[in-house]
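Shown below: protein.pdb, with PDB, C-alpha atoms.
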```pdb
MODEL        1
ATOM      1  CA  MET B   1       0.772 -31.200 -17.420
ATOM      2  CA  GLU B   2      -2.964 -30.438 -17.516
ATOM      3  CA  GLU B   3      -3.238 -31.290 -13.833
ATOM      4  CA  LEU B   4      -0.416 -28.876 -13.009
ATOM      5  CA  ILE B   5      -2.014 -26.155 -15.151
ATOM      6  CA  GLN B   6      -5.277 -26.562 -13.251
ATOM      7  CA  LYS B   7      -3.432 -26.332  -9.930
ATOM      8  CA  LEU B   8      -1.578 -23.225 -11.093
ATOM      9  CA  LYS B   9      -4.827 -21.565 -12.110
ATOM     10  CA  GLU B  10      -6.182 -22.007  -8.600
ATOM     11  CA  GLU B  11      -2.952 -20.825  -6.980
ATOM     12  CA  ILE B  12      -2.720 -17.758  -9.203
ATOM     13  CA  ILE B  13      -6.307 -16.759  -8.497
ATOM     14  CA  GLU B  14      -5.581 -17.016  -4.793
ATOM     15  CA  VAL B  15      -2.209 -15.258  -4.575
ATOM     16  CA  LEU B  16      -3.064 -12.524  -7.072
ATOM     17  CA  ASN B  17      -6.522 -11.894  -5.589
ATOM     18  CA  LEU B  18      -8.267 -12.399  -8.930
ATOM     19  CA  GLU B  19     -11.548 -12.684  -7.080
ATOM     20  CA  GLU B  20     -13.718 -12.181 -10.119
ATOM     21  CA  MET B  21     -12.179 -15.088 -12.011
ATOM     22  CA  GLU B  22     -12.787 -18.808 -12.052
ATOM     23  CA  PRO B  23     -10.068 -21.273 -13.096
ATOM     24  CA  GLY B  24     -12.007 -21.922 -16.309
ATOM     25  CA  ASP B  25     -11.732 -18.241 -17.256
ATOM     26  CA  ILE B  26      -7.960 -18.472 -17.628
ATOM     27  CA  ASP B  27      -6.748 -19.571 -21.041
ATOM     28  CA  PRO B  28      -3.486 -21.501 -20.451
ATOM     29  CA  ASP B  29      -2.117 -20.235 -23.764
ATOM     30  CA  ALA B  30      -3.033 -16.559 -23.377
ATOM     31  CA  PRO B  31      -0.376 -14.051 -22.256
ATOM     32  CA  LEU B  32      -0.439 -13.515 -18.503
ATOM     33  CA  PHE B  33       0.727  -9.916 -18.797
ATOM     34  CA  GLY B  34      -0.497  -7.095 -20.993
ATOM     35  CA  GLU B  35      -3.669  -8.054 -22.779
ATOM     36  CA  GLY B  36      -4.140 -11.441 -21.152
ATOM     37  CA  LEU B  37      -4.902 -11.380 -17.451
ATOM     38  CA  GLY B  38      -3.604  -7.822 -17.276
ATOM     39  CA  LEU B  39      -1.128  -8.587 -14.526
ATOM     40  CA  ASP B  40       1.341  -5.936 -13.366
ATOM     41  CA  SER B  41       4.903  -5.811 -12.021
ATOM     42  CA  ILE B  42       3.846  -6.576  -8.445
ATOM     43  CA  ASP B  43       2.029  -9.645  -9.738
ATOM     44  CA  ALA B  44       5.243 -10.704 -11.461
ATOM     45  CA  LEU B  45       7.063 -10.592  -8.131
ATOM     46  CA  GLU B  46       4.227 -12.533  -6.550
ATOM     47  CA  LEU B  47       4.585 -15.261  -9.198
ATOM     48  CA  ILE B  48       8.322 -15.479  -8.484
ATOM     49  CA  VAL B  49       7.496 -15.979  -4.782
ATOM     50  CA  LEU B  50       4.857 -18.581  -5.703
ATOM     51  CA  LEU B  51       7.402 -20.624  -7.672
ATOM     52  CA  GLU B  52       9.847 -20.577  -4.773
ATOM     53  CA  LYS B  53       7.328 -21.168  -1.995
ATOM     54  CA  ASN B  54       5.142 -23.814  -3.613
ATOM     55  CA  TYR B  55       7.593 -25.525  -5.971
ATOM     56  CA  GLY B  56      11.042 -24.828  -4.489
ATOM     57  CA  ILE B  57      12.190 -23.150  -7.700
ATOM     58  CA  LYS B  58      14.259 -20.019  -7.376
ATOM     59  CA  ILE B  59      14.569 -17.773 -10.419
ATOM     60  CA  GLU B  60      18.122 -16.448 -10.296
ATOM     61  CA  ASP B  61      17.801 -13.963 -13.146
ATOM     62  CA  PRO B  62      14.543 -11.946 -13.097
ATOM     63  CA  LYS B  63      14.957 -11.397 -16.850
ATOM     64  CA  ASP B  64      14.062 -15.073 -17.315
ATOM     65  CA  GLY B  65      10.633 -14.249 -15.925
ATOM     66  CA  ARG B  66       9.505 -12.868 -19.255
ATOM     67  CA  LYS B  67       9.796 -16.309 -20.862
ATOM     68  CA  ILE B  68       8.739 -18.337 -17.852
ATOM     69  CA  PHE B  69       5.621 -16.302 -17.146
ATOM     70  CA  PHE B  70       4.606 -15.727 -20.761
ATOM     71  CA  THR B  71       1.599 -18.015 -20.405
ATOM     72  CA  LEU B  72       0.302 -20.431 -17.831
ATOM     73  CA  ARG B  73       1.539 -23.278 -20.022
ATOM     74  CA  THR B  74       5.108 -21.932 -20.240
ATOM     75  CA  MET B  75       5.039 -21.571 -16.468
ATOM     76  CA  ALA B  76       3.872 -25.170 -16.035
ATOM     77  CA  GLU B  77       6.556 -26.395 -18.469
ATOM     78  CA  TYR B  78       9.252 -24.542 -16.529
ATOM     79  CA  ILE B  79       8.071 -26.056 -13.258
ATOM     80  CA  THR B  80       8.055 -29.558 -14.757
ATOM     81  CA  GLU B  81      11.595 -29.109 -16.048
ATOM     82  CA  HIS B  82      13.080 -27.545 -12.926
ATOM     83  CA  GLN B  83      11.253 -29.036  -9.966
ATOM     84  CA  LYS B  84      13.584 -31.140  -7.843
TER      85      LYS B  84
ATOM     86  CA  MET F   1     -10.953  32.215   4.012
ATOM     87  CA  SER F   2     -14.264  30.444   4.363
ATOM     88  CA  LEU F   3     -14.561  26.755   3.497
ATOM     89  CA  VAL F   4     -17.685  24.684   3.012
ATOM     90  CA  ILE F   5     -18.558  21.001   3.074
ATOM     91  CA  ARG F   6     -20.117  20.345  -0.267
ATOM     92  CA  LYS F   7     -20.810  16.700   0.379
ATOM     93  CA  TYR F   8     -19.987  13.984   2.891
ATOM     94  CA  CYS F   9     -20.039  10.198   2.999
ATOM     95  CA  ALA F  10     -20.163   7.962   6.074
ATOM     96  CA  ILE F  11     -19.570   4.208   6.247
ATOM     97  CA  ARG F  12     -20.085   2.169   9.379
ATOM     98  CA  ASP F  13     -21.662  -1.110  10.521
ATOM     99  CA  GLY F  14     -22.743  -2.136   7.041
ATOM    100  CA  ARG F  15     -24.412   1.195   6.317
ATOM    101  CA  ILE F  16     -23.383   3.850   3.844
ATOM    102  CA  ARG F  17     -24.827   7.341   3.966
ATOM    103  CA  VAL F  18     -24.267  10.313   1.715
ATOM    104  CA  ASP F  19     -25.188  13.694   3.166
ATOM    105  CA  GLY F  20     -26.977  11.818   5.931
ATOM    106  CA  GLU F  21     -29.173   9.821   3.553
ATOM    107  CA  ALA F  22     -28.856   6.030   3.516
ATOM    108  CA  VAL F  23     -27.618   4.840   0.111
ATOM    109  CA  PHE F  24     -26.657   1.269   0.982
ATOM    110  CA  SER F  25     -27.243  -1.157   3.787
ATOM    111  CA  TYR F  26     -25.752  -4.607   4.262
ATOM    112  CA  GLU F  27     -27.534  -6.816   6.756
ATOM    113  CA  GLY F  28     -25.046  -9.685   6.726
ATOM    114  CA  GLN F  29     -23.071 -10.329   9.885
ATOM    115  CA  ASP F  30     -20.137 -11.955   8.104
ATOM    116  CA  GLY F  31     -17.610  -9.204   8.560
ATOM    117  CA  PHE F  32     -15.806  -6.450   6.704
ATOM    118  CA  LYS F  33     -14.612  -8.426   3.686
ATOM    119  CA  LYS F  34     -18.087  -9.497   2.628
ATOM    120  CA  PHE F  35     -19.512  -6.057   3.295
ATOM    121  CA  ILE F  36     -16.941  -4.156   1.260
ATOM    122  CA  ARG F  37     -17.163  -6.589  -1.641
ATOM    123  CA  THR F  38     -20.966  -6.356  -1.697
ATOM    124  CA  ALA F  39     -20.828  -2.551  -1.503
ATOM    125  CA  TYR F  40     -18.271  -2.445  -4.318
ATOM    126  CA  LYS F  41     -20.598  -4.429  -6.549
ATOM    127  CA  HIS F  42     -23.669  -2.433  -5.488
ATOM    128  CA  PHE F  43     -22.093   0.819  -6.651
ATOM    129  CA  GLN F  44     -21.099  -0.823  -9.930
ATOM    130  CA  THR F  45     -17.500   0.182  -9.469
ATOM    131  CA  ASP F  46     -15.375  -1.041 -12.353
ATOM    132  CA  TYR F  47     -11.822  -1.122 -11.036
ATOM    133  CA  PRO F  48     -10.335  -4.650 -10.908
ATOM    134  CA  LYS F  49      -7.339  -3.407  -8.919
ATOM    135  CA  PHE F  50      -9.731  -2.946  -6.004
ATOM    136  CA  PHE F  51      -9.507  -6.667  -5.261
ATOM    137  CA  LYS F  52      -5.742  -6.478  -4.907
ATOM    138  CA  MET F  53      -5.880  -3.756  -2.279
ATOM    139  CA  ASP F  54      -5.544  -4.338   1.446
ATOM    140  CA  ASN F  55      -8.684  -3.865   3.525
ATOM    141  CA  LEU F  56      -7.842  -0.328   4.638
ATOM    142  CA  SER F  57      -7.285   0.806   1.060
ATOM    143  CA  LYS F  58     -10.526  -0.879  -0.006
ATOM    144  CA  LEU F  59     -12.427   1.126   2.592
ATOM    145  CA  GLY F  60     -10.688   4.398   1.732
ATOM    146  CA  PHE F  61     -11.006   3.812  -1.997
ATOM    147  CA  LEU F  62     -14.707   2.977  -1.872
ATOM    148  CA  SER F  63     -15.420   5.886   0.491
ATOM    149  CA  VAL F  64     -13.871   8.337  -1.973
ATOM    150  CA  GLU F  65     -15.584   6.578  -4.864
ATOM    151  CA  ILE F  66     -19.024   6.998  -3.318
ATOM    152  CA  LEU F  67     -18.294  10.561  -2.180
ATOM    153  CA  LEU F  68     -17.343  11.572  -5.711
ATOM    154  CA  LYS F  69     -20.067   9.614  -7.488
ATOM    155  CA  GLY F  70     -21.798  11.947  -9.891
ATOM    156  CA  GLU F  71     -19.113  14.612  -9.402
ATOM    157  CA  ASP F  72     -16.697  15.319 -12.217
ATOM    158  CA  ILE F  73     -14.173  16.640  -9.746
ATOM    159  CA  LEU F  74     -11.515  17.539 -12.306
ATOM    160  CA  LYS F  75     -13.982  19.708 -14.211
ATOM    161  CA  LEU F  76     -14.678  21.565 -10.986
ATOM    162  CA  HIS F  77     -11.096  21.787  -9.727
ATOM    163  CA  PRO F  78      -7.582  21.537 -11.211
ATOM    164  CA  ALA F  79      -5.929  18.211 -10.369
ATOM    165  CA  GLU F  80      -2.955  19.988  -8.759
ATOM    166  CA  LYS F  81      -5.285  22.043  -6.556
ATOM    167  CA  THR F  82      -7.226  19.061  -5.278
ATOM    168  CA  GLY F  83      -5.938  17.229  -2.226
ATOM    169  CA  ILE F  84      -6.629  14.202  -0.059
ATOM    170  CA  ILE F  85      -6.011  14.481   3.696
ATOM    171  CA  LEU F  86      -7.014  11.515   5.823
ATOM    172  CA  THR F  87      -6.634  10.443   9.424
ATOM    173  CA  ASN F  88      -7.017   7.100  11.154
ATOM    174  CA  ALA F  89      -6.052   5.272  14.334
ATOM    175  CA  SER F  90      -4.807   1.852  13.268
ATOM    176  CA  SER F  91      -2.606   2.966  10.394
ATOM    177  CA  SER F  92      -2.073  -0.077   8.129
ATOM    178  CA  LEU F  93      -1.686  -2.421  11.117
ATOM    179  CA  GLU F  94      -3.753  -5.302   9.730
ATOM    180  CA  ILE F  95      -1.627  -5.730   6.609
ATOM    181  CA  ASP F  96       1.544  -4.947   8.618
ATOM    182  CA  GLU F  97       0.767  -7.950  10.811
ATOM    183  CA  LYS F  98       0.062 -10.121   7.785
ATOM    184  CA  HIS F  99       3.415  -9.119   6.327
ATOM    185  CA  PHE F 100       5.153  -9.806   9.638
ATOM    186  CA  GLU F 101       3.641 -13.309   9.741
ATOM    187  CA  SER F 102       5.241 -14.019   6.363
ATOM    188  CA  ILE F 103       8.746 -12.991   7.458
ATOM    189  CA  LYS F 104       9.008 -13.879  11.150
ATOM    190  CA  ASP F 105      10.214 -17.447  10.482
ATOM    191  CA  ARG F 106      13.567 -17.290   8.702
ATOM    192  CA  GLY F 107      13.083 -20.849   7.502
ATOM    193  CA  GLN F 108       9.771 -19.922   5.871
ATOM    194  CA  TYR F 109      10.711 -16.460   4.674
ATOM    195  CA  PHE F 110       8.258 -15.691   1.866
ATOM    196  CA  PRO F 111       7.238 -12.021   2.027
ATOM    197  CA  SER F 112       4.382 -11.300  -0.337
ATOM    198  CA  PRO F 113       5.144  -8.301  -2.587
ATOM    199  CA  SER F 114       1.437  -7.550  -2.993
ATOM    200  CA  ASN F 115       1.021  -7.374   0.787
ATOM    201  CA  PHE F 116       4.220  -5.433   1.331
ATOM    202  CA  VAL F 117       3.228  -2.591  -1.001
ATOM    203  CA  TYR F 118       0.264  -1.798   1.271
ATOM    204  CA  THR F 119       2.249  -1.593   4.507
ATOM    205  CA  LEU F 120       1.779   2.171   4.717
ATOM    206  CA  PRO F 121      -1.528   3.989   5.281
ATOM    207  CA  ASN F 122      -0.561   6.582   2.652
ATOM    208  CA  ILE F 123      -1.179   3.963  -0.022
ATOM    209  CA  MET F 124      -4.905   4.222   0.688
ATOM    210  CA  ALA F 125      -4.836   7.918  -0.220
ATOM    211  CA  GLY F 126      -2.603   7.162  -3.183
ATOM    212  CA  GLU F 127      -5.040   4.603  -4.612
ATOM    213  CA  ALA F 128      -7.873   7.147  -4.499
ATOM    214  CA  ALA F 129      -5.638   9.827  -6.021
ATOM    215  CA  ILE F 130      -4.640   7.527  -8.889
ATOM    216  CA  ARG F 131      -8.240   6.570  -9.558
ATOM    217  CA  HIS F 132      -9.463  10.183  -9.723
ATOM    218  CA  LYS F 133      -6.237  11.687 -11.137
ATOM    219  CA  ILE F 134      -5.894  13.941  -8.106
ATOM    220  CA  LYS F 135      -2.413  15.482  -7.878
ATOM    221  CA  GLY F 136      -2.532  17.900  -4.940
ATOM    222  CA  GLU F 137      -1.585  17.449  -1.273
ATOM    223  CA  ASN F 138      -1.773  13.801  -0.235
ATOM    224  CA  THR F 139      -1.444  13.021   3.454
ATOM    225  CA  VAL F 140      -2.491  10.437   6.034
ATOM    226  CA  LEU F 141      -2.015  11.169   9.731
ATOM    227  CA  ILE F 142      -2.417   8.746  12.590
ATOM    228  CA  ASN F 143      -4.501   9.823  15.553
ATOM    229  CA  LYS F 144      -6.189   7.865  18.333
ATOM    230  CA  TYR F 145      -9.667   9.055  17.473
ATOM    231  CA  PHE F 146     -11.718  11.074  15.006
ATOM    232  CA  ASP F 147     -10.592  14.594  15.864
ATOM    233  CA  PRO F 148     -12.543  17.416  14.174
ATOM    234  CA  GLU F 149     -10.038  20.043  15.367
ATOM    235  CA  LEU F 150      -7.077  18.190  13.880
ATOM    236  CA  ILE F 151      -8.815  17.661  10.543
ATOM    237  CA  PHE F 152      -9.877  21.288  10.437
ATOM    238  CA  ILE F 153      -6.365  22.597  11.163
ATOM    239  CA  LEU F 154      -4.718  20.287   8.606
ATOM    240  CA  VAL F 155      -7.176  21.061   5.849
ATOM    241  CA  GLU F 156      -7.289  24.802   6.433
ATOM    242  CA  LEU F 157      -3.491  24.880   6.391
ATOM    243  CA  ALA F 158      -3.419  22.931   3.124
ATOM    244  CA  PHE F 159      -5.855  25.368   1.520
ATOM    245  CA  LYS F 160      -3.637  28.268   2.588
ATOM    246  CA  SER F 161      -0.165  26.862   2.034
ATOM    247  CA  LYS F 162      -0.858  24.655  -0.985
ATOM    248  CA  SER F 163      -3.485  26.911  -2.523
ATOM    249  CA  LEU F 164      -5.965  24.054  -2.673
ATOM    250  CA  SER F 165      -9.273  24.544  -4.372
ATOM    251  CA  CYS F 166     -10.823  21.312  -3.089
ATOM    252  CA  CYS F 167      -9.917  18.705  -0.502
ATOM    253  CA  ILE F 168     -11.238  15.240   0.240
ATOM    254  CA  CYS F 169     -10.663  14.837   3.947
ATOM    255  CA  GLY F 170     -11.736  12.975   7.037
ATOM    256  CA  TRP F 171     -11.380   9.675   8.819
ATOM    257  CA  VAL F 172     -10.866   6.146   7.438
ATOM    258  CA  GLU F 173     -10.350   3.560  10.167
ATOM    259  CA  GLN F 174     -10.205  -0.213   9.749
ATOM    260  CA  TYR F 175      -8.773  -3.094  11.716
ATOM    261  CA  GLU F 176     -10.242  -6.551  11.130
ATOM    262  CA  ASN F 177     -14.019  -6.207  11.439
ATOM    263  CA  ASN F 178     -13.987  -2.777  13.087
ATOM    264  CA  TYR F 179     -14.324  -0.145  10.422
ATOM    265  CA  GLU F 180     -15.719   3.283   9.811
ATOM    266  CA  SER F 181     -15.108   6.180   7.509
ATOM    267  CA  LEU F 182     -16.365   9.709   7.306
ATOM    268  CA  LEU F 183     -15.173  11.758   4.369
ATOM    269  CA  PHE F 184     -15.902  15.328   3.446
ATOM    270  CA  MET F 185     -15.569  17.113   0.133
ATOM    271  CA  VAL F 186     -14.427  20.589   1.139
ATOM    272  CA  GLU F 187     -14.258  23.599  -1.154
ATOM    273  CA  LYS F 188     -13.746  27.319  -0.903
ATOM    274  CA  ASP F 189     -17.018  29.069  -0.264
ATOM    275  CA  ASN F 190     -18.126  30.493  -3.593
ATOM    276  CA  ASN F 191     -21.711  30.924  -2.460
ATOM    277  CA  ASN F 192     -22.621  27.920  -4.579
ATOM    278  CA  SER F 193     -25.483  26.571  -2.563
ATOM    279  CA  ALA F 194     -27.469  27.495   0.499
ATOM    280  CA  GLU F 195     -27.292  23.838   1.501
ATOM    281  CA  ASP F 196     -23.515  23.861   1.894
ATOM    282  CA  ILE F 197     -22.309  23.378   5.467
ATOM    283  CA  ILE F 198     -19.575  25.604   6.874
ATOM    284  CA  PHE F 199     -16.355  23.604   7.311
ATOM    285  CA  GLU F 200     -15.617  24.042  10.984
ATOM    286  CA  PRO F 201     -14.858  21.623  13.845
ATOM    287  CA  SER F 202     -18.297  21.811  15.442
ATOM    288  CA  ASN F 203     -20.004  20.830  12.189
ATOM    289  CA  LEU F 204     -17.573  17.951  11.640
ATOM    290  CA  ALA F 205     -18.272  16.744  15.187
ATOM    291  CA  ASN F 206     -22.025  17.008  14.712
ATOM    292  CA  ILE F 207     -21.980  15.088  11.453
ATOM    293  CA  TYR F 208     -19.814  12.385  13.021
ATOM    294  CA  LYS F 209     -22.174  12.136  15.965
ATOM    295  CA  ARG F 210     -25.253  11.890  13.744
ATOM    296  CA  ASN F 211     -23.661   9.082  11.764
ATOM    297  CA  ASN F 212     -22.748   7.166  14.894
ATOM    298  CA  GLU F 213     -25.972   7.285  16.804
ATOM    299  CA  ASP F 214     -25.632   3.689  17.929
ATOM    300  CA  GLY F 215     -22.210   3.998  19.537
ATOM    301  CA  ARG F 216     -18.685   4.927  18.550
ATOM    302  CA  ILE F 217     -15.311   3.381  18.057
ATOM    303  CA  ASN F 218     -11.973   5.121  18.491
ATOM    304  CA  THR F 219     -13.357   8.306  19.978
ATOM    305  CA  LYS F 220     -12.343  10.358  22.989
ATOM    306  CA  ALA F 221     -15.450   9.268  24.854
TER     307      ALA F 221
ENDMDL
END
```

Write the structure described by the file as structure tokens, please.
Amino acid sequence: MEELIQKLKEEIIEVLNLEEMEPGDIDPDAPLFGEGLGLDSIDALELIVLLEKNYGIKIEDPKDGRKIFFTLRTMAEYITEHQK
Amino acid sequence: MSLVIRKYCAIRDGRIRVDGEAVFSYEGQDGFKKFIRTAYKHFQTDYPKFFKMDNLSKLGFLSVEILLKGEDILKLHPAEKTGIILTNASSSLEIDEKHFESIKDRGQYFPSPSNFVYTLPNIMAGEAAIRHKIKGENTVLINKYFDPELIFILVELAFKSKSLSCCICGWVEQYENNYESLLFMVEKDNNNSAEDIIFEPSNLANIYKRNNEDGRINTKA
């Protein structure tokens, strides 16, 4: 799990252009949206694409995104459970 | 109606000038991305969304940012009476191509939402308008070269038809490592300062020429 979290940190920094951040700056248990990383709705779409492109996981109902992308850890747990 | 150029900002070849005076110079030869990032940090701009923008928007955004530095534009002009009118040659072609690369293979069809939202040059003007809470006329026109006559006609018309009080206008061109911008802050002539330059095509052309002494890109010549 920790290895996947580290990989996700690097991928998120790259796809979301968080150029000022290092992987170590991202708390895996902090909210990704709102007060955490301060991501926006476009970032949410980008994370959905990331899951599909890099992990082959398609989110059928966008409403599920709220739970899946709550923190980096919830995202990693979802990937672990759903990756084929 | 008489209009004046209150201030102007030129960016080209790693150099940034305001009213003809050099305010930043980047000697690196490692291209646009490094230059614009270094300039962003130099001017202590605090706007994390900058890093999410496409390259054209970064150039337009930073050009407006530097032009308006030290100016509380909304104290001088109502937001609804302040406009942004820009021109360029390459539109948003660089990010358009990047988007196309992500969708051309149906088997690897992964369009990036954050790229897609920048596939219009108007977004550059929109980013600057959001940052400075400008709500007036907002336009980007595509032209092959920096055309003082075109800019003059567009801006004068906007002052007349939209009752503008101030307009940020000019040229913001970027494609890969070719980039240049020249922006003017134009206001109605209220006899504010003897140093103000009359907003007319010949003065726009002269300023452009002075800021491009070592050659031009995307010009008639």

Go ahead and find all residues with at least one atom no further than 12 Å from (9.2, -20.5, -16.5) in the file's coordinates, using all atoms listed in the file; report them as a ChimeraX atom specification.
/B:44,47-48,50-52,55,57-83

Using the chain letters and residue numbers of this document, give as a list of chain:residue names the residues selected by the PyMOL selection byres ((chain B and resi 15-30) around 7).
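Checked against the file, the PyMOL selection byres ((chain B and resi 15-30) around 7) matches B:Lys9, B:Glu10, B:Glu11, B:Ile12, B:Ile13, B:Glu14, B:Pro31, B:Leu32, B:Gly36, B:Asp43, B:Thr71, B:Leu72, B:Arg73, F:Phe51, F:Lys52.
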
Extract, using only C-alpha atoms, all DNA, RNA and protein residues at most 10 Å from Ala22 (chain F), discarding same-chain residues fewer than 3 positions from it, and format them as a PyMOL selection string.
chain F and resi 9-11+15-19+25

What lies within 8 Å of Leu62 (chain F) using all atoms listed in the file, ignoring chain neighbours under 4 positions off, as a PyMOL selection string?
chain F and resi 40+58+66

Can you list, as a ChimeraX atom specification, the residues that the PyMOL selection byres ((chain F) within 9 of (chain B)) selects here?
/F:48,51-53,108-114,117

Quick one: pull the distance between CA of Met124 (chain F) and CA of Met1 (chain F), Å, one decimal.
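Separation between CA of Met124 (chain F) and CA of Met1 (chain F): 28.8 Å.
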
What's around Cys169 (chain F) at 10 Å? Count only C-alpha atoms, leave out sequence neighbours fewer than 2 positions away in its own chain, and write the answer as a ChimeraX atom specification.
/F:8,64,83-87,125,138-140,151-152,154-155,166-167,171-172,182-186

Using CA of Leu3 (chain F) and CA of Phe24 (chain F) as the two end points, give the distance in Å to one decimal.
28.3 Å

Please compute the CA of Thr38 (chain F)-CA of Ala128 (chain F) distance, one decimal, in Å.
19.0 Å

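In this comparison, which uses all atoms listed in the file, the residue of F:Asp147, F:Glu80, F:Glu213, F:Glu180 approaching Glu200 (chain F) most closely is F:Asp147.
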
Counting all atoms listed in the file, the option among F:Asn206, F:Ser165, F:Asn177, F:Ser57 closest to Val4 (chain F)
F:Ser165

Pick the closest to Leu164 (chain F) from F:Asn122, F:Thr82, F:Asn190, F:Asn88: which is it, counting only C-alpha atoms?
F:Thr82

Please evaluate the PyMOL selection byres ((chain F and resi 56) around 9) against the structure above and give the resulting residues as a PyMOL selection string.
chain F and resi 53-55+57-61+91-92+94-95+118+121+124+172-175+179
